[in-house]
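Undergrad: Dumping the structure here so I can ask a few things about it.
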Protein chains: 6
Amino acid sequence: MKIVTFGEIMLRLSTPGFSRFSQANNFNATYGGGEANVAMSLSLMGFDAEHVTRFPDNDLGKAATQMLQQYGLSTDHIIYGGDRLGIYFLETGALSRPSKVVYDRAGSSFSSLNPKDFNWDQILKGADWFHFTGISPAISQAAADACHDALDTANEKGIKVSFDVTYRKNLWQYGKTAQQVFPDLAAKSDLLFCSKGDMKEMLSIQSPEGEKFAEVCQRTMALYPRVKQIVNSKRESIAASDNTIWGTIYNGNEQFTSPKHKLFPIVDRIGGGDAFCAGLIYGQLVYKNDEQSINFAVAASALKHSIDGDFNQATVEEIETVMRGDSSGKLTR
Amino acid sequence: MKIVTFGEIMLRLSTPGFSRFSQANNFNATYGGGEANVAMSLSLMGFDAEHVTRFPDNDLGKAATQMLQQYGLSTDHIIYGGDRLGIYFLETGALSRPSKVVYDRAGSSFSSLNPKDFNWDQILKGADWFHFTGISPAISQAAADACHDALDTANEKGIKVSFDVTYRKNLWQYGKTAQQVFPDLAAKSDLLFCSKGDMKEMLSIQSPEGEKFAEVCQRTMALYPRVKQIVNSKRESIAASDNTIWGTIYNGNEQFTSPKHKLFPIVDRIGGGDAFCAGLIYGQLVYKNDEQSINFAVAASALKHSIDGDFNQATVEEIETVMRGDSSGKLTR
Amino acid sequence: MKIVTFGEIMLRLSTPGFSRFSQANNFNATYGGGEANVAMSLSLMGFDAEHVTRFPDNDLGKAATQMLQQYGLSTDHIIYGGDRLGIYFLETGALSRPSKVVYDRAGSSFSSLNPKDFNWDQILKGADWFHFTGISPAISQAAADACHDALDTANEKGIKVSFDVTYRKNLWQYGKTAQQVFPDLAAKSDLLFCSKGDMKEMLSIQSPEGEKFAEVCQRTMALYPRVKQIVNSKRESIAASDNTIWGTIYNGNEQFTSPKHKLFPIVDRIGGGDAFCAGLIYGQLVYKNDEQSINFAVAASALKHSIDGDFNQATVEEIETVMRGDSSGKLTR
Amino acid sequence: MKIVTFGEIMLRLSTPGFSRFSQANNFNATYGGGEANVAMSLSLMGFDAEHVTRFPDNDLGKAATQMLQQYGLSTDHIIYGGDRLGIYFLETGALSRPSKVVYDRAGSSFSSLNPKDFNWDQILKGADWFHFTGISPAISQAAADACHDALDTANEKGIKVSFDVTYRKNLWQYGKTAQQVFPDLAAKSDLLFCSKGDMKEMLSIQSPEGEKFAEVCQRTMALYPRVKQIVNSKRESIAASDNTIWGTIYNGNEQFTSPKHKLFPIVDRIGGGDAFCAGLIYGQLVYKNDEQSINFAVAASALKHSIDGDFNQATVEEIETVMRGDSSGKLTR
Amino acid sequence: MKIVTFGEIMLRLSTPGFSRFSQANNFNATYGGGEANVAMSLSLMGFDAEHVTRFPDNDLGKAATQMLQQYGLSTDHIIYGGDRLGIYFLETGALSRPSKVVYDRAGSSFSSLNPKDFNWDQILKGADWFHFTGISPAISQAAADACHDALDTANEKGIKVSFDVTYRKNLWQYGKTAQQVFPDLAAKSDLLFCSKGDMKEMLSIQSPEGEKFAEVCQRTMALYPRVKQIVNSKRESIAASDNTIWGTIYNGNEQFTSPKHKLFPIVDRIGGGDAFCAGLIYGQLVYKNDEQSINFAVAASALKHSIDGDFNQATVEEIETVMRGDSSGKLTR
Amino acid sequence: MKIVTFGEIMLRLSTPGFSRFSQANNFNATYGGGEANVAMSLSLMGFDAEHVTRFPDNDLGKAATQMLQQYGLSTDHIIYGGDRLGIYFLETGALSRPSKVVYDRAGSSFSSLNPKDFNWDQILKGADWFHFTGISPAISQAAADACHDALDTANEKGIKVSFDVTYRKNLWQYGKTAQQVFPDLAAKSDLLFCSKGDMKEMLSIQSPEGEKFAEVCQRTMALYPRVKQIVNSKRESIAASDNTIWGTIYNGNEQFTSPKHKLFPIVDRIGGGDAFCAGLIYGQLVYKNDEQSINFAVAASALKHSIDGDFNQATVEEIETVMRGDSSGKLTR
């Protein structure tokens, strides 16, 4: 089975250990992005996975491509051009000091893409699933247009579409708002990753105070009839390295909520949400069962927090062990 | 506003990670000292801050000066001369294994300073606060004399003096005891950082068994009429990286005790007390309110435990977030 | 007093921090092995200790020898020859992701040793204790034979023998089973490190369902009359870096169980069992008291979890502090 | 155009900087092998390249596969099985101290391959070139058999075969000699990488004392009529990091010798010969001109010496700059 | 004496050792820029030095400021605002492989500065020298305007102005050419760092083929009567780490050429030209002698090549030793 | 055969790579000293070697002892006590920038030793050679006295004594001069490492201008009749990492001068002289031939320059390869 994702990839530069930016004399370097992280996870789980993006035609774009290849992603439809690779700087928090991200992504090659450069008909040939997030349509009109093109093609071909309705308020700089843009994208999606609040704020769902998640989902599904499942990941933050996560899925009929996973002390929480999305997609494609899907998704996300870097390098076997309730971490000899 | 501190700065050589001394093939190097740590914190909080000390006239003295400059300290009145920079070696503990410090500070340039080299009248021009600790007068008669000179000038000029009544029993080698030396210094101070026990043992306070902190403070203030506030920081050690801290201030009328902060797992606990002192001074100068001061001081100290190195690189905004009770460490994007 | 141990030593290559194998661009290198770890601990506790093994006659064998020498072990009876040094690769787990060991020890110099090369009469001259584990007899017939030779000589000379009845199911490749080999070795031992389950499975003890540890020990001592003490270390794994350990000793008359030690977050759990054995042997030789022995053994094992690498670099003074119940890890200045 | 290579890949563990084995507390890790290094170079030059080998089915085999993928190699026909990944340890020399390699490759998954597992008909579909070295047939009968199978298929399909006649005397342990095995393999090859001495010693060429390279080549081509080109790379070693390299090609009619390249100070000389082979193959496929081929090959090899790791990460553009005689290394802004 | 410089500072991210971009998993981080490098050198030589620039108001801007402070620069007139800190990525070459710089400076806070934000009258109060380069006016119209403002004020106040006529062809993107912009700036300068070729190409000097440096300088001085000295630094590149440097100064009457300095193997050649400029300015201010100035400048530049990072950390004493012809590098105990 | 050496060992803290002190955020740590370096070399060459010194009774003294043990030295007669371990800081030079040493050894445990603590009769039991340098008698009267005690005992027992007449002018602080102290020590020595100049300046040899080395040696041997050989190592410094070394021995009858060894680029020149002494002693004990001794000594010293750290980790086989004239550094597989 083949999954295609689309979105920006950035160079991630993180300070070593718990160093603050003012203390850093070197940065650890890797590459990541919300959608590519999903593809990476799915590739490592054994699927054919392809990520589509635009990189500058320089040594950093080449290195980013090579990292995708390393983990088995197809990179055949990456476009090269534009000025620069987006960057984000990361400082890892501890105790009550939060991790901190400084974005430096303005003017990136991705933001200045030309939607016509992507031949979705060819890219999506043979694909079973297409995944994107709310970050791409926030970056530029061109990126939003490319999302629409991809969704139209996926809809035509009957490829399932999942939309991670992430809202990053600092991104929307090109004259539109998420409230204007997200509804049309949601209308072309089969599965949403979306909280109750975001359905109300971003997808124009009118819902009386106090309605439960399933009720709001029903309203969303009424307004967006293509949507068949809505999934929500939850995180409670006790301290920078002490979180509890769980998730919920509603499919129009039933709602399933996973067990809670206590995560302490966290190794790296970036990409925890993307690992969740990848796990959910895995569940849909393999288990074809919503309860197992949500449990697998949360177990995958839990394991991601034990792994350095943007994406989840846990195996299906490891995730299923945790999903079955064994989080004892007993030494494997 | 301008704060001046005086005291020894040492080269700190710490083993990497949790390595024991016998395992270390390299040492992380930074510079720190109880008083300079206070000045560093206050500089990073936006004050003019100056540290006064004596360094050897060699590459290590130069490097130490440059680190002070990096964080904005004025270094105009540092004296260069003498034989060597004091050193302390640090091994970071874990679980029930404590962190361990091996001091190598005998014969340092600071210990052999000439009190006459410091023109306090000029150094303290325009200063609002002078801070020192019980370490300097423990090092040598000359260092104790320099403290007296500084205090006399500060008293004349009406500059507030805070004295951190730290007792390090291994230091007192020059023929005097802390009990002989501390009272005269306390008499010239406006604010003491001091525990109940140290008031009794170091400052000759007679107090019946079972008296409370405020009562002992009253006795101290009676004997040392210049002292208007006494502040005490408390630490409970559950394990090497698991501590709880809080603090108390008494101002002659009222006593305020901060909330407790659970710190686990600690990144670096060295300098936690100095961050507390800096926070308290910040509170006095900015909030001019004892309750806020003690809460800010403990929040500052809590954040210091998340930061590597001797001094606190938390910003006022970060400290105030924790002070308001938000220690969730939620990712800042 | 002199202790002799015998067994394989491997090059340990561990990924840095929490990196997965697929992320590692370098490996930390040290050397370790169950029996040598015991000797290392005992050497650092002040005993004469000697480890006997076989290394390849190359730079890695030389480096391994030098590491033993560094910590004071006698290496006079190490044999050089054979093809290669065994290796094990280690990935350190976190949260619910277990640590993982990939063994690469087939064809090692130790496995192809010639038992006749070891002159046990000379090696054990002046020794007070001989310690080995169930790993050596699992590796090859030759290694099993060498164990028998050592035990026969020790028995003749009246040297106390301890046998750590470790069962590693992947090792037994040379045609015999542990059930066939262990009983004869146990019959020549004075002290066993063995769980209730292993007595029943490995040492052919028939015991009705539900019998307690002491009862099974009595049956074992009846069948193996040389055995005077049986010691069991227990570990509960809550997560990869969150374990609780304790231990029990039964001496034919009395059973002593140590307090439980909560270990979180663990620095390195490899060698925790070997540190326990070393601690127990220390207790037998110094305290000559079973209750103190088991308490010291567990305290030693607890401290090992705070130390990187295969063996325990805690001092007797540090262990006794923990053994007395002080696990506060308070900074030592 | 597509190139296929076949051979063992090992984990390379090198000491940091100029450390000796006895000083190393960590090793840099990468993966390499003579044939794969050629494929890596050719992939980075823009060709489709595939490497065929056998890896253990464990985390190290997976990591090695991922490194091949990173640089664009096809890994579709790698077989997983067997016991272990071969390893070589590398200590980098300096001055008159040579670099040192300690091989630990006995019992590797590659050596115990089953020739029947490789479906050469399918593997070589669409290939233009097949490259192998004298290392594979030295490792085991099975590996030698697999080489024969590959060559037979390549000959059938009219795919060009290059054979790097490397002789490693320590490898030949399975009962045959290079003199017995190489001639049959040379008879199935189109291009040989071979020195004058090796033609005489390994390929049974009778040649009077003092004959020149071209004359010996003519005799070789007479005995092995399929061979159309013989290429020889030469290295003069002045010191560990000071070498001079050049090369010669003879095509039956003409001989071309490249300029000499002075290499000092060398960054990493491992894989210099493989970079040469890759460059020569590039030249044959792109320039279709022997003089340009040998000049490009030596320029490629020269650049390899400036690059850390087993394979050449120089681009065609960089190599052509050096090939044109510009080795000034002027900063590129 | 006080020197003021103006120009952009970038985050420099360099691969470790000789790693290529595709091999880098971490980057060494420092900050540098042509003009700031000059100020840093002069500060370390004992002058009051101030650098004026614009930084983003984020953690990277703060860290860059702190690095300037560390080496004693005044940072009082830095403006905070705009979007991002410019970055350049550096790969260090070896042998015939050049070092490579990938710039990522578009949209930087410096490029979008508002010239009105800089109060040059106040900034240049008490200054003796103002230095800038051809990079600033290449970045944006605003930056060019700020240069003019600074020069006008300096001219009014009688402050000496040096202009390093660096031409970076990739920078000129805002609609003007260097040929249009440089002449007006040169007209306001007292000393030019400029080659013969750049005088002809950038400063519109008509000079017959074959004229010597001094002759072209005379023509330049005729056209730009304020210019009293023209200085040229020369570099011959034998290989990436093997250069020879020297310099020439012409003062209208006399020309002095320094000895040649062979630099091999170079540690870091970035900033070699800036160290030269700083050395020349030192010579003008201290020796007030053109022959000594040029010799000191080249010696300073030579030493810079032995030092990692963008700027010269050599002391005056060290430079004078080399200037006197002692380049033996004998150990200093 | 057994060699005993006596002298101070210091913690060596060196900046990484070519970093200056002002750039160093960590230091590489090892231990070394002129005499111990000789013992280390001889131990690695296969001799029984013992080093005698005094260490502080703390973790650094323990770690230093363990490093001696690692390389096989006997540490049985080390005395523990006193205040601190001496330290030296090292910055590695490049090009014309010299390496720089900052000593911090005042008040060390060695300097405050009590000569009576060393039982030379027992220490030197079974020894064949005793080696010391001019550093120890420079440190303190007590250290000088201990040298005399050792020499008297060695003379009594007929043990050969070698004296490396090193003069460090900054050390002589205790009221005596080298000219006062060295003659008596030379009178008790059998072999001197000494230059022509030092014989004249330090050993009171009157020699007319222009006399050759052998002539001055004859005068020295006349004045110090026990001295039978005088050895001189020579170094020409072209640049910090570019030296040429050679050596000369005179035995009363014949003079032998080694070939010159060009060393470029040097890895670490510290300890080059000590490696020379060790090589010379090896030659005397094994070859019993002065010509071979001097050639071996210089080859050993040459190889030391390729090795990081204070002492020579080259094997006899490696040294003999270089001694035979093969310095090609060809890769050893």
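Residue names in the structure tokens use chain letters A, B, ... in the order shown, residue numbers from 1 in each chain, and ligand numbers from 1 in the order shown.
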For chain E against chain C, which residues fall within 12 Å using only C-alpha atoms, given as a compact mmCIF listing (two decimals) with all heavy atoms, in the first residue's frame?

TA:
# COMPACT_ATOMS: atom_id res chain seq x y z
N GLN E 23 27.18 14.97 5.02
CA GLN E 23 27.62 14.10 6.12
C GLN E 23 27.35 14.70 7.49
O GLN E 23 27.56 14.04 8.51
CB GLN E 23 29.13 13.84 5.99
CG GLN E 23 29.54 13.16 4.71
CD GLN E 23 31.05 13.04 4.59
OE1 GLN E 23 31.76 14.03 4.62
NE2 GLN E 23 31.54 11.82 4.45
N ALA E 24 26.91 15.96 7.52
CA ALA E 24 26.89 16.67 8.80
C ALA E 24 25.64 16.38 9.60
O ALA E 24 24.53 16.58 9.12
CB ALA E 24 26.98 18.17 8.54
N ASN E 25 25.82 15.91 10.82
CA ASN E 25 24.71 15.76 11.76
C ASN E 25 24.73 16.83 12.83
O ASN E 25 23.87 16.86 13.68
CB ASN E 25 24.77 14.38 12.41
CG ASN E 25 24.53 13.30 11.39
OD1 ASN E 25 23.46 13.23 10.82
ND2 ASN E 25 25.55 12.50 11.12
N ASN E 26 25.75 17.64 12.78
CA ASN E 26 25.73 18.83 13.62
C ASN E 26 26.62 19.90 13.01
O ASN E 26 27.47 19.62 12.17
CB ASN E 26 26.12 18.52 15.06
CG ASN E 26 27.55 18.15 15.19
OD1 ASN E 26 28.03 17.21 14.56
ND2 ASN E 26 28.28 18.91 15.98

Undergrad: I'd like the contact shell of C:Leu44 - 9 Å cut-off, only C-alpha atoms, skipping same-chain residues fewer than 4 positions apart - returned as a list in words.

TA: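 Returned residues: Ala39, Met40, Tyr71, Gly72, Leu73, Asn312, Gln313, Ala314, Thr315 and Val316 of chain C.
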
Undergrad: Would you write out those residues with N, CA and C atoms, as an mmCIF file, in the first residue's frame?

TA:
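The resulting file, again07.cif, is shown below:
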data_model
loop_
_atom_site.group_PDB
_atom_site.id
_atom_site.type_symbol
_atom_site.label_atom_id
_atom_site.label_comp_id
_atom_site.auth_asym_id
_atom_site.auth_seq_id
_atom_site.Cartn_x
_atom_site.Cartn_y
_atom_site.Cartn_z
ATOM 1 N N ALA C 39 34.628 -8.720 39.379
ATOM 2 C CA ALA C 39 36.018 -8.530 39.817
ATOM 3 C C ALA C 39 36.381 -7.048 39.885
ATOM 4 N N MET C 40 35.913 -6.283 38.900
ATOM 5 C CA MET C 40 36.176 -4.842 38.874
ATOM 6 C C MET C 40 35.622 -4.178 40.140
ATOM 7 N N TYR C 71 41.683 -0.403 36.477
ATOM 8 C CA TYR C 71 40.934 -0.465 37.727
ATOM 9 C C TYR C 71 41.532 -1.462 38.705
ATOM 10 N N GLY C 72 42.791 -1.836 38.459
ATOM 11 C CA GLY C 72 43.554 -2.560 39.464
ATOM 12 C C GLY C 72 43.478 -4.070 39.384
ATOM 13 N N LEU C 73 42.794 -4.602 38.381
ATOM 14 C CA LEU C 73 42.707 -6.065 38.288
ATOM 15 C C LEU C 73 44.060 -6.653 37.889
ATOM 16 N N ASN C 312 30.551 -1.385 38.453
ATOM 17 C CA ASN C 312 30.186 -0.482 39.528
ATOM 18 C C ASN C 312 31.399 0.290 40.026
ATOM 19 N N GLN C 313 31.356 1.609 39.855
ATOM 20 C CA GLN C 313 32.461 2.428 40.321
ATOM 21 C C GLN C 313 32.097 3.147 41.621
ATOM 22 N N ALA C 314 31.182 2.599 42.373
ATOM 23 C CA ALA C 314 30.851 3.189 43.674
ATOM 24 C C ALA C 314 31.852 2.696 44.714
ATOM 25 N N THR C 315 32.163 3.556 45.669
ATOM 26 C CA THR C 315 33.075 3.161 46.739
ATOM 27 C C THR C 315 32.297 2.511 47.884
ATOM 28 N N VAL C 316 33.023 1.799 48.735
ATOM 29 C CA VAL C 316 32.400 1.171 49.899
ATOM 30 C C VAL C 316 31.695 2.236 50.746
#

Undergrad: Between atom CA of D:Ala143 and atom CA of C:Phe55, what is the spacing in Å?

TA: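 It comes out at 29.2 Å.
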
Undergrad: Name all residues at most 9 Å from A:Asp242 (count only C-alpha atoms; drop same-chain ones fewer than 3 positions away) and give them as a list in words.

TA: Leu95, Glu236, Ser237, Ile238, Ala239, Lys262, Leu263, Phe264, Pro265 and Ile266 of chain A; Ser328 and Gly329 of chain B

Undergrad: Would you mind exporting the chosen residues as a short mmCIF file (atom, residue, chain, number, x, y, z; two decimals), in the first residue's frame, restricted to all heavy atoms?

TA:
data_model
loop_
_atom_site.label_atom_id
_atom_site.label_comp_id
_atom_site.auth_asym_id
_atom_site.auth_seq_id
_atom_site.Cartn_x
_atom_site.Cartn_y
_atom_site.Cartn_z
N LEU A 95 12.12 20.70 33.45
CA LEU A 95 11.34 21.15 34.60
C LEU A 95 10.22 22.09 34.13
O LEU A 95 9.48 21.74 33.22
CB LEU A 95 12.26 21.85 35.64
CG LEU A 95 13.44 20.99 36.14
CD1 LEU A 95 14.33 21.79 37.05
CD2 LEU A 95 12.93 19.74 36.84
N GLU A 236 -1.70 16.42 28.12
CA GLU A 236 -1.68 17.19 29.34
C GLU A 236 -0.22 17.40 29.72
O GLU A 236 0.55 16.44 29.79
CB GLU A 236 -2.43 16.44 30.45
CG GLU A 236 -2.67 17.24 31.70
CD GLU A 236 -3.31 16.37 32.79
OE1 GLU A 236 -3.62 15.18 32.51
OE2 GLU A 236 -3.45 16.85 33.91
N SER A 237 0.15 18.65 29.95
CA SER A 237 1.55 18.96 30.22
C SER A 237 1.72 19.26 31.70
O SER A 237 1.24 20.27 32.20
CB SER A 237 1.98 20.16 29.37
OG SER A 237 3.36 20.37 29.51
N ILE A 238 2.40 18.36 32.40
CA ILE A 238 2.66 18.57 33.83
C ILE A 238 3.95 19.38 33.99
O ILE A 238 4.06 20.25 34.83
CB ILE A 238 2.76 17.22 34.58
CG1 ILE A 238 1.41 16.49 34.49
CG2 ILE A 238 3.12 17.43 36.05
CD1 ILE A 238 1.30 15.49 33.40
N ALA A 239 4.93 19.05 33.18
CA ALA A 239 6.18 19.82 33.13
C ALA A 239 6.79 19.58 31.76
O ALA A 239 6.28 18.78 30.97
CB ALA A 239 7.14 19.39 34.24
N LYS A 262 1.40 7.91 30.42
CA LYS A 262 2.23 8.85 31.17
C LYS A 262 3.62 8.83 30.55
O LYS A 262 4.24 7.76 30.43
CB LYS A 262 2.28 8.40 32.63
CG LYS A 262 3.35 9.02 33.49
CD LYS A 262 2.86 10.30 34.12
CE LYS A 262 3.82 10.79 35.19
NZ LYS A 262 3.44 12.14 35.65
N LEU A 263 4.14 9.97 30.17
CA LEU A 263 5.44 10.06 29.51
C LEU A 263 6.38 10.91 30.36
O LEU A 263 6.24 12.13 30.41
CB LEU A 263 5.28 10.69 28.12
CG LEU A 263 4.22 10.04 27.22
CD1 LEU A 263 4.04 10.85 25.94
CD2 LEU A 263 4.60 8.60 26.90
N PHE A 264 7.34 10.26 30.98
CA PHE A 264 8.24 10.98 31.87
C PHE A 264 9.45 10.13 32.16
O PHE A 264 9.28 8.99 32.58
CB PHE A 264 7.50 11.32 33.18
CG PHE A 264 8.33 12.07 34.18
CD1 PHE A 264 8.93 13.28 33.85
CD2 PHE A 264 8.56 11.54 35.45
CE1 PHE A 264 9.70 13.96 34.78
CE2 PHE A 264 9.32 12.23 36.37
CZ PHE A 264 9.89 13.43 36.04
N PRO A 265 10.67 10.61 31.95
CA PRO A 265 11.00 11.90 31.36
C PRO A 265 11.10 11.78 29.84
O PRO A 265 11.74 10.86 29.32
CB PRO A 265 12.36 12.22 31.98
CG PRO A 265 12.95 10.91 32.32
CD PRO A 265 11.84 9.90 32.40
N ILE A 266 10.50 12.73 29.17
CA ILE A 266 10.43 12.73 27.72
C ILE A 266 11.82 12.98 27.11
O ILE A 266 12.56 13.84 27.58
CB ILE A 266 9.46 13.84 27.26
CG1 ILE A 266 8.02 13.47 27.67
CG2 ILE A 266 9.55 14.07 25.76
CD1 ILE A 266 7.04 14.61 27.52
N SER B 328 3.92 24.23 33.70
CA SER B 328 3.57 23.13 32.80
C SER B 328 4.62 22.90 31.72
O SER B 328 4.65 21.87 31.08
CB SER B 328 2.24 23.43 32.11
OG SER B 328 2.41 24.52 31.22
N GLY B 329 5.51 23.87 31.52
CA GLY B 329 6.56 23.70 30.52
C GLY B 329 6.04 23.43 29.13
O GLY B 329 6.64 22.68 28.37
#

Undergrad: Quick check for you: according to DSSP on this backbone, which residues of stretch 84-311 of chain B are classed as helix (DSSP H, G or I)? Reply as an NGL selection string.

TA: :B and (115-117 or 120-123 or 136-139 or 141-157 or 178-187 or 196-202 or 213-223 or 272-287 or 290-304)

Undergrad: Which residues come within 9 Å of stretch 146-151 of chain A, counting only C-alpha atoms, excluding same-chain residues fewer than 6 positions away, as number ranges by chain?

TA: A: 6-7, 113-116, 118-121, 124, 130, 132, 136-137, 159, 161, 184-185, 188-189

Undergrad: Can you list every residue in stretch 18-110 of chain C that DSSP puts in strand (DSSP E), as a ChimeraX atom specification?

TA: /C:26-32,48-52,54-55,79-80,87-91,100-104

Undergrad: List the spatial neighbours of A:Lys212 as a PyMOL selection string - criterion: any atom at most 10 Å away, only C-alpha atoms, same-chain residues fewer than 5 positions off excluded.

TA: chain A and resi 196+207+217

Undergrad: For F:Ser306, find every residue with an atom within 8 Å (counting only C-alpha atoms), except residues of its own chain fewer than 2 positions away, and show them as a list of chain:residue names.

TA: D:Phe18, D:Gly93, D:Ala94, D:Leu95, D:Ser96, D:Arg97, F:Ile266, F:Val267, F:Asp268, F:Ala302, F:Leu303, F:Lys304, F:Asp308
